[in-house]
file target-v2.cif (mmCIF, C-alpha atoms)
data_final
loop_
_atom_site.label_atom_id
_atom_site.label_comp_id
_atom_site.auth_asym_id
_atom_site.auth_seq_id
_atom_site.Cartn_x
_atom_site.Cartn_y
_atom_site.Cartn_z
CA MET A 1 52.19 -18.81 46.50
CA ALA A 2 49.39 -19.62 44.08
CA SER A 3 49.10 -23.24 42.99
CA ALA A 4 45.57 -23.38 41.58
CA PHE A 5 42.77 -21.45 39.85
CA VAL A 6 39.35 -20.77 41.33
CA VAL A 7 37.22 -21.69 38.34
CA GLY A 8 34.21 -19.70 37.20
CA GLU A 9 30.93 -20.58 35.51
CA LYS A 10 32.32 -20.24 31.98
CA PHE A 11 34.99 -22.87 32.71
CA ARG A 12 32.38 -25.25 34.15
CA ARG A 13 30.11 -24.85 31.11
CA ARG A 14 32.86 -25.28 28.53
CA VAL A 15 34.48 -28.27 30.27
CA THR A 16 31.06 -29.92 30.66
CA GLU A 17 30.55 -29.50 26.90
CA LEU A 18 34.01 -30.93 26.30
CA LEU A 19 33.31 -33.95 28.51
CA GLU A 20 29.93 -34.61 26.82
CA LYS A 21 31.36 -34.63 23.30
CA THR A 22 32.10 -38.15 22.25
CA LYS A 23 34.24 -37.45 19.19
CA PHE A 24 37.11 -36.22 21.34
CA SER A 25 38.60 -38.80 23.62
CA LEU A 26 40.04 -37.34 26.80
CA PRO A 27 42.78 -39.22 28.64
CA VAL A 28 41.26 -41.13 31.56
CA GLU A 29 43.36 -39.37 34.20
CA LEU A 30 42.56 -35.88 32.83
CA LYS A 31 38.86 -36.75 32.53
CA ALA A 32 38.76 -37.89 36.18
CA GLU A 33 40.51 -34.73 37.38
CA LEU A 34 38.17 -32.45 35.37
CA CYS A 35 35.09 -34.32 36.62
CA ALA A 36 36.31 -33.91 40.20
CA VAL A 37 36.79 -30.15 39.65
CA ILE A 38 33.34 -29.67 38.11
CA GLU A 39 31.55 -31.75 40.73
CA LYS A 40 33.07 -29.76 43.60
CA PRO A 41 30.81 -27.12 45.15
CA GLU A 42 31.68 -23.47 44.78
CA PRO A 43 34.49 -22.35 44.93
CA ALA A 44 36.12 -25.19 42.99
CA THR A 45 39.85 -25.09 42.40
CA LEU A 46 41.75 -26.31 39.34
CA PRO A 47 45.39 -27.26 40.11
CA PHE A 48 48.06 -25.88 37.78
CA SER A 49 49.12 -29.43 36.87
CA THR A 50 45.60 -30.24 35.63
CA ALA A 51 45.49 -26.92 33.73
CA ARG A 52 48.79 -27.82 31.99
CA LYS A 53 47.43 -31.26 31.00
CA LEU A 54 44.23 -29.66 29.66
CA LYS A 55 46.23 -27.08 27.68
CA LYS A 56 48.42 -29.78 26.15
CA TYR A 57 45.34 -31.84 25.24
CA LEU A 58 43.60 -28.82 23.65
CA GLN A 59 46.71 -28.01 21.59
CA ASP A 60 47.29 -31.58 20.50
CA GLU A 61 43.67 -32.15 19.46
CA GLY A 62 43.30 -28.74 17.75
CA HIS A 63 40.23 -27.57 19.66
CA PRO A 64 38.63 -24.28 18.58
CA PHE A 65 39.03 -22.69 22.06
CA TYR A 66 42.10 -22.12 24.19
CA LEU A 67 42.88 -22.45 27.89
CA HIS A 68 42.94 -18.70 28.51
CA GLU A 69 39.41 -18.49 27.13
CA LEU A 70 38.28 -21.22 29.54
CA LEU A 71 39.85 -19.43 32.51
CA GLU A 72 38.54 -15.99 31.52
CA ASP A 73 36.23 -15.61 34.54
CA SER A 74 38.52 -17.56 36.90
CA SER A 75 40.96 -16.21 39.46
CA LEU A 76 44.08 -17.36 41.24
CA HIS A 77 43.63 -19.37 44.41
CA LEU A 78 45.95 -17.92 47.06
CA PRO A 79 46.24 -20.18 50.08
CA GLU A 80 45.99 -18.54 53.48
CA VAL A 81 49.38 -17.89 55.02
CA VAL A 82 49.77 -19.66 58.33
CA LYS A 83 52.05 -17.81 60.71
CA PRO A 84 54.33 -20.07 62.71
CA PRO A 85 53.94 -19.83 66.49
CA ARG A 86 56.40 -17.50 68.18
CA ASN A 87 59.15 -18.92 70.30
CA PRO A 88 58.37 -18.17 73.98
CA GLU A 89 62.06 -17.64 74.77
CA LEU A 90 62.28 -15.06 71.98
CA VAL A 91 59.13 -13.29 73.20
CA ALA A 92 60.51 -13.12 76.76
CA ARG A 93 63.83 -11.79 75.48
CA LEU A 94 62.11 -9.12 73.37
CA GLU A 95 60.04 -8.02 76.39
CA LYS A 96 63.24 -7.65 78.45
CA ILE A 97 64.86 -5.59 75.70
CA LYS A 98 61.78 -3.34 75.41
CA ALA A 99 61.72 -2.81 79.18
CA ARG A 100 65.44 -2.00 79.23
CA LEU A 101 65.10 0.49 76.35
CA ALA A 102 62.11 2.17 78.00
CA ASN A 103 64.06 2.44 81.27
CA GLU A 104 67.07 3.96 79.47
CA GLU A 105 64.83 6.50 77.72
CA TYR A 106 63.21 7.44 81.03
CA ASN A 107 66.62 7.87 82.67
CA ARG A 108 67.79 10.02 79.75
CA MET A 109 64.71 12.27 80.06
CA THR A 110 65.05 12.68 83.83
CA ARG A 111 68.84 12.83 84.23
CA ASN A 112 68.89 16.59 85.01
CA VAL A 113 66.12 16.37 87.64
CA ASN A 114 67.42 16.31 91.22
CA THR A 115 64.75 14.86 93.48
CA GLN A 116 66.45 16.16 96.62
CA GLU A 117 66.00 19.78 95.56
CA ILE A 118 62.29 19.36 94.79
CA ASN A 119 60.06 20.34 97.69
CA ARG A 120 56.34 20.82 97.39
CA ASN A 121 56.19 24.02 99.45
CA GLY A 122 59.67 25.28 98.60
CA THR A 123 62.41 26.11 101.07
CA LEU A 124 63.31 29.32 102.85
CA ALA A 125 66.47 29.54 100.74
CA ASP A 126 64.36 29.54 97.56
CA PHE A 127 62.18 32.32 99.00
CA GLY A 128 65.28 34.34 99.95
CA GLN A 129 66.73 33.92 96.46
CA GLN A 130 63.46 35.13 94.90
CA VAL A 131 63.39 38.15 97.24
CA ARG A 132 66.97 39.05 96.29
CA SER A 133 66.09 38.75 92.60
CA VAL A 134 63.05 41.03 92.99
CA LYS A 135 65.12 43.48 95.07
CA THR A 136 67.77 43.65 92.32
CA VAL A 137 65.13 44.40 89.68
CA LEU A 138 63.50 47.10 91.84
CA VAL A 139 66.86 48.78 92.55
CA THR A 140 67.70 48.76 88.84
CA VAL A 141 64.33 50.35 87.88
CA PHE A 142 64.64 52.94 90.66
CA ASN A 143 68.20 53.78 89.55
CA PHE A 144 66.99 54.20 85.95
CA LEU A 145 64.15 56.53 86.98
CA VAL A 146 66.37 58.63 89.28
CA THR A 147 69.00 59.00 86.56
CA VAL A 148 66.47 60.12 83.93
CA VAL A 149 64.69 62.54 86.32
CA ALA A 150 68.00 64.01 87.55
CA THR A 151 69.19 64.51 83.97
CA PHE A 152 65.94 66.26 83.11
CA ALA A 153 66.22 68.53 86.17
CA CYS A 154 69.87 69.41 85.54
CA SER A 155 69.26 70.11 81.85
CA TYR A 156 66.20 72.21 82.63
CA MET A 157 68.03 74.26 85.26
CA GLY A 158 71.22 74.54 83.19
CA SER A 159 69.44 75.60 80.00
CA GLN A 160 68.17 78.82 81.63
CA TYR A 161 71.51 80.41 80.77
CA LEU A 162 71.04 79.52 77.08
CA PHE A 163 67.28 79.91 76.54
CA THR A 164 64.87 82.41 77.94
CA GLU A 165 61.69 80.67 76.84
CA THR A 166 60.30 77.81 78.91
CA THR A 167 59.37 75.76 75.85
CA ALA A 168 62.93 75.66 74.58
CA ARG A 169 64.21 74.76 78.05
CA VAL A 170 61.71 71.86 78.36
CA ILE A 171 62.57 70.55 74.88
CA SER A 172 66.31 70.66 75.57
CA ALA A 173 65.78 68.92 78.94
CA MET A 174 63.65 66.22 77.27
CA ILE A 175 66.32 65.61 74.63
CA ALA A 176 69.04 65.29 77.27
CA ALA A 177 66.89 62.99 79.44
CA SER A 178 66.06 60.80 76.40
CA VAL A 179 69.74 60.45 75.44
CA VAL A 180 70.71 59.51 79.00
CA GLY A 181 67.72 57.15 79.28
CA LEU A 182 68.70 55.36 76.06
CA ALA A 183 72.31 55.07 77.22
CA GLU A 184 71.11 53.69 80.56
CA LEU A 185 68.88 51.14 78.78
CA TYR A 186 71.81 50.08 76.58
CA VAL A 187 74.03 49.46 79.61
CA LEU A 188 71.17 47.68 81.41
CA VAL A 189 70.54 45.34 78.46
CA ARG A 190 74.25 44.54 78.11
CA THR A 191 74.45 43.78 81.83
CA MET A 192 71.37 41.54 81.68
CA GLU A 193 72.83 39.70 78.67
CA GLY A 194 76.00 39.04 80.62
CA GLU A 195 74.09 37.73 83.63
CA LEU A 196 71.89 35.51 81.45
CA GLY A 197 74.99 34.19 79.64
CA GLU A 198 76.53 33.13 82.95
CA LEU A 199 73.40 31.14 83.83
#
call {"tool": "encode", "arguments": {"input": "target-v2.cif", "output": "structure tokens"}}
result
Amino acid sequence: MASAFVVGEKFRRRVTELLEKTKFSLPVELKAELCAVIEKPEPATLPFSTARKLKKYLQDEGHPFYLHELLEDSSLHLPEVVKPPRNPELVARLEKIKARLANEEYNRMTRNVNTQEINRNGTLADFGQQVRSVKTVLVTVFNFLVTVVATFACSYMGSQYLFTETTARVISAMIAASVVGLAELYVLVRTMEGELGEL
């Protein structure tokens, strides 16, 4: 908290003039304090108590200038805040708490990791599971293709009783194969959704 002013050149000049005038008699204590402030090297500080005494003197004597005019180029003197030393027991306790919190966060991040299942090269069971997964996908794609091709063939052969032109037979076979293919895709997607939901 501020307790003094850092006086500027205007204050020094005006107070020097005030001290040199003989018609105004300054109190001895105030005169000594002002002389001490002016004689100090830069930056000189003026305590608030001395500023109050000077203000009272200027008011009582009816001087033509006021205290705020004297302190126009001055600033507040803010003392440097000295931080108290930290308690070593408190510092040690805080370090323990930080370490414990970091350990809890690490455990929370790694709680679903099973170190026994992790193997750098993988196991034969993992390879077998991957092969079964690939086999299932290949069988599903093959089944889709066979279904669509069989539907096209049946529709093409069966449409010969309705249409005599080849173009009409191919178009009707394509429409039937597309409908069956879309139905097959719908069933496949629903099945995959069910399997993914179980995981």
call {"tool": "atom_distance", "arguments": {"input": "target-v2.cif", "atom1": "atom CA of Ala36 of chain A", "atom2": "atom CA of Leu19 of chain A"}}
result
12.1 Å
call {"tool": "closest_residue", "arguments": {"input": "target-v2.cif", "among": "A:Pro85, A:Pro27, A:Pro43, A:Gly158", "to": "Ala173 of chain A", "atoms": "all atoms listed in the file"}}
result
A:Gly158
call {"tool": "atom_distance", "arguments": {"input": "target-v2.cif", "atom1": "atom CA of Leu26 of chain A", "atom2": "atom CA of Arg12 of chain A"}}
result
16.1 Å
call {"tool": "resolve_selection", "arguments": {"input": "target-v2.cif", "expression": "the PyMOL selection byres ((chain A and resi 13) around 12)", "output": "list in words"}}
result
Val7, Gly8, Glu9, Lys10, Phe11, Arg12, Arg14, Val15, Thr16, Glu17, Leu18, Leu19, Glu20, Leu34, Ile38, Glu39, Glu69, Leu70, Leu71 and Asp73 of chain A
call {"tool": "atom_distance", "arguments": {"input": "target-v2.cif", "atom1": "atom CA of Tyr57 of chain A", "atom2": "atom CA of Cys35 of chain A"}}
result
15.5 Å
call {"tool": "closest_residue", "arguments": {"input": "target-v2.cif", "among": "A:Val113, A:Val28, A:Val148, A:Val91", "to": "Ile175 of chain A", "atoms": "all atoms listed in the file"}}
result
A:Val148
call {"tool": "resolve_selection", "arguments": {"input": "target-v2.cif", "expression": "the PyMOL selection byres ((chain A and resi 169) around 12)", "output": "PyMOL selection string"}}
result
chain A and resi 152-168+170-176
call {"tool": "residues_near_point", "arguments": {"input": "target-v2.cif", "point": "(45.1, -35.0, 31.2)", "cutoff": "7 Å", "atoms": "only C-alpha atoms", "output": "number ranges by chain"}}
result
A: 27, 29-31, 50, 53-54, 57
call {"tool": "closest_residue", "arguments": {"input": "target-v2.cif", "among": "A:Ala4, A:Val146, A:Val131, A:Leu101", "to": "Arg52 of chain A", "atoms": "all atoms listed in the file"}}
result
A:Ala4
call {"tool": "axis_aligned_box", "arguments": {"input": "target-v2.cif", "around": "segment 128-137 of chain A", "padding_each_side": "3 Å", "output": "lines of an AutoDock Vina configuration file"}}
result
center_x = 65.4
center_y = 39.2
center_z = 94.8
size_x = 10.7
size_y = 16.5
size_z = 16.3
call {"tool": "resolve_selection", "arguments": {"input": "target-v2.cif", "expression": "the PyMOL selection byres ((chain A and resi 44-47) around 7)", "output": "PyMOL selection string"}}
result
chain A and resi 3-7+37+40-43+48-51
call {"tool": "build_atoms", "arguments": {"input": "target-v2.cif", "residues": "segment 158-169 of chain A", "atoms": "N, CA, C and O atoms", "output": "PDB file, in the coordinates of the input"}}
result
ATOM      1  N   GLY A 158      70.033  74.020  83.870  1.00  0.00           N
ATOM      2  CA  GLY A 158      71.220  74.540  83.190  1.00  0.00           C
ATOM      3  C   GLY A 158      70.898  75.257  81.905  1.00  0.00           C
ATOM      4  O   GLY A 158      71.659  76.127  81.453  1.00  0.00           O
ATOM      5  N   SER A 159      69.777  74.968  81.278  1.00  0.00           N
ATOM      6  CA  SER A 159      69.440  75.600  80.000  1.00  0.00           C
ATOM      7  C   SER A 159      68.882  77.013  80.184  1.00  0.00           C
ATOM      8  O   SER A 159      68.677  77.712  79.198  1.00  0.00           O
ATOM      9  N   GLN A 160      68.678  77.454  81.425  1.00  0.00           N
ATOM     10  CA  GLN A 160      68.170  78.820  81.630  1.00  0.00           C
ATOM     11  C   GLN A 160      69.201  79.874  81.236  1.00  0.00           C
ATOM     12  O   GLN A 160      68.845  81.009  80.933  1.00  0.00           O
ATOM     13  N   TYR A 161      70.464  79.477  81.188  1.00  0.00           N
ATOM     14  CA  TYR A 161      71.510  80.410  80.770  1.00  0.00           C
ATOM     15  C   TYR A 161      71.580  80.514  79.250  1.00  0.00           C
ATOM     16  O   TYR A 161      72.134  81.468  78.727  1.00  0.00           O
ATOM     17  N   LEU A 162      71.017  79.494  78.544  1.00  0.00           N
ATOM     18  CA  LEU A 162      71.040  79.520  77.080  1.00  0.00           C
ATOM     19  C   LEU A 162      69.715  80.021  76.498  1.00  0.00           C
ATOM     20  O   LEU A 162      69.709  80.745  75.511  1.00  0.00           O
ATOM     21  N   PHE A 163      68.591  79.559  77.087  1.00  0.00           N
ATOM     22  CA  PHE A 163      67.280  79.910  76.540  1.00  0.00           C
ATOM     23  C   PHE A 163      66.486  80.702  77.567  1.00  0.00           C
ATOM     24  O   PHE A 163      66.537  80.432  78.760  1.00  0.00           O
ATOM     25  N   THR A 164      65.714  81.638  77.051  1.00  0.00           N
ATOM     26  CA  THR A 164      64.870  82.410  77.940  1.00  0.00           C
ATOM     27  C   THR A 164      63.450  81.870  77.967  1.00  0.00           C
ATOM     28  O   THR A 164      62.737  82.048  78.963  1.00  0.00           O
ATOM     29  N   GLU A 165      63.045  81.208  76.909  1.00  0.00           N
ATOM     30  CA  GLU A 165      61.690  80.670  76.840  1.00  0.00           C
ATOM     31  C   GLU A 165      61.618  79.303  77.539  1.00  0.00           C
ATOM     32  O   GLU A 165      62.539  78.506  77.486  1.00  0.00           O
ATOM     33  N   THR A 166      60.487  79.076  78.181  1.00  0.00           N
ATOM     34  CA  THR A 166      60.300  77.810  78.910  1.00  0.00           C
ATOM     35  C   THR A 166      60.177  76.633  77.955  1.00  0.00           C
ATOM     36  O   THR A 166      60.666  75.531  78.242  1.00  0.00           O
ATOM     37  N   THR A 167      59.560  76.852  76.818  1.00  0.00           N
ATOM     38  CA  THR A 167      59.370  75.760  75.850  1.00  0.00           C
ATOM     39  C   THR A 167      60.711  75.218  75.366  1.00  0.00           C
ATOM     40  O   THR A 167      60.918  74.003  75.302  1.00  0.00           O
ATOM     41  N   ALA A 168      61.608  76.085  75.057  1.00  0.00           N
ATOM     42  CA  ALA A 168      62.930  75.660  74.580  1.00  0.00           C
ATOM     43  C   ALA A 168      63.678  74.938  75.690  1.00  0.00           C
ATOM     44  O   ALA A 168      64.388  73.952  75.430  1.00  0.00           O
ATOM     45  N   ARG A 169      63.532  75.408  76.919  1.00  0.00           N
ATOM     46  CA  ARG A 169      64.210  74.760  78.050  1.00  0.00           C
ATOM     47  C   ARG A 169      63.661  73.334  78.269  1.00  0.00           C
ATOM     48  O   ARG A 169      64.423  72.398  78.528  1.00  0.00           O
TER      49      ARG A 169
END
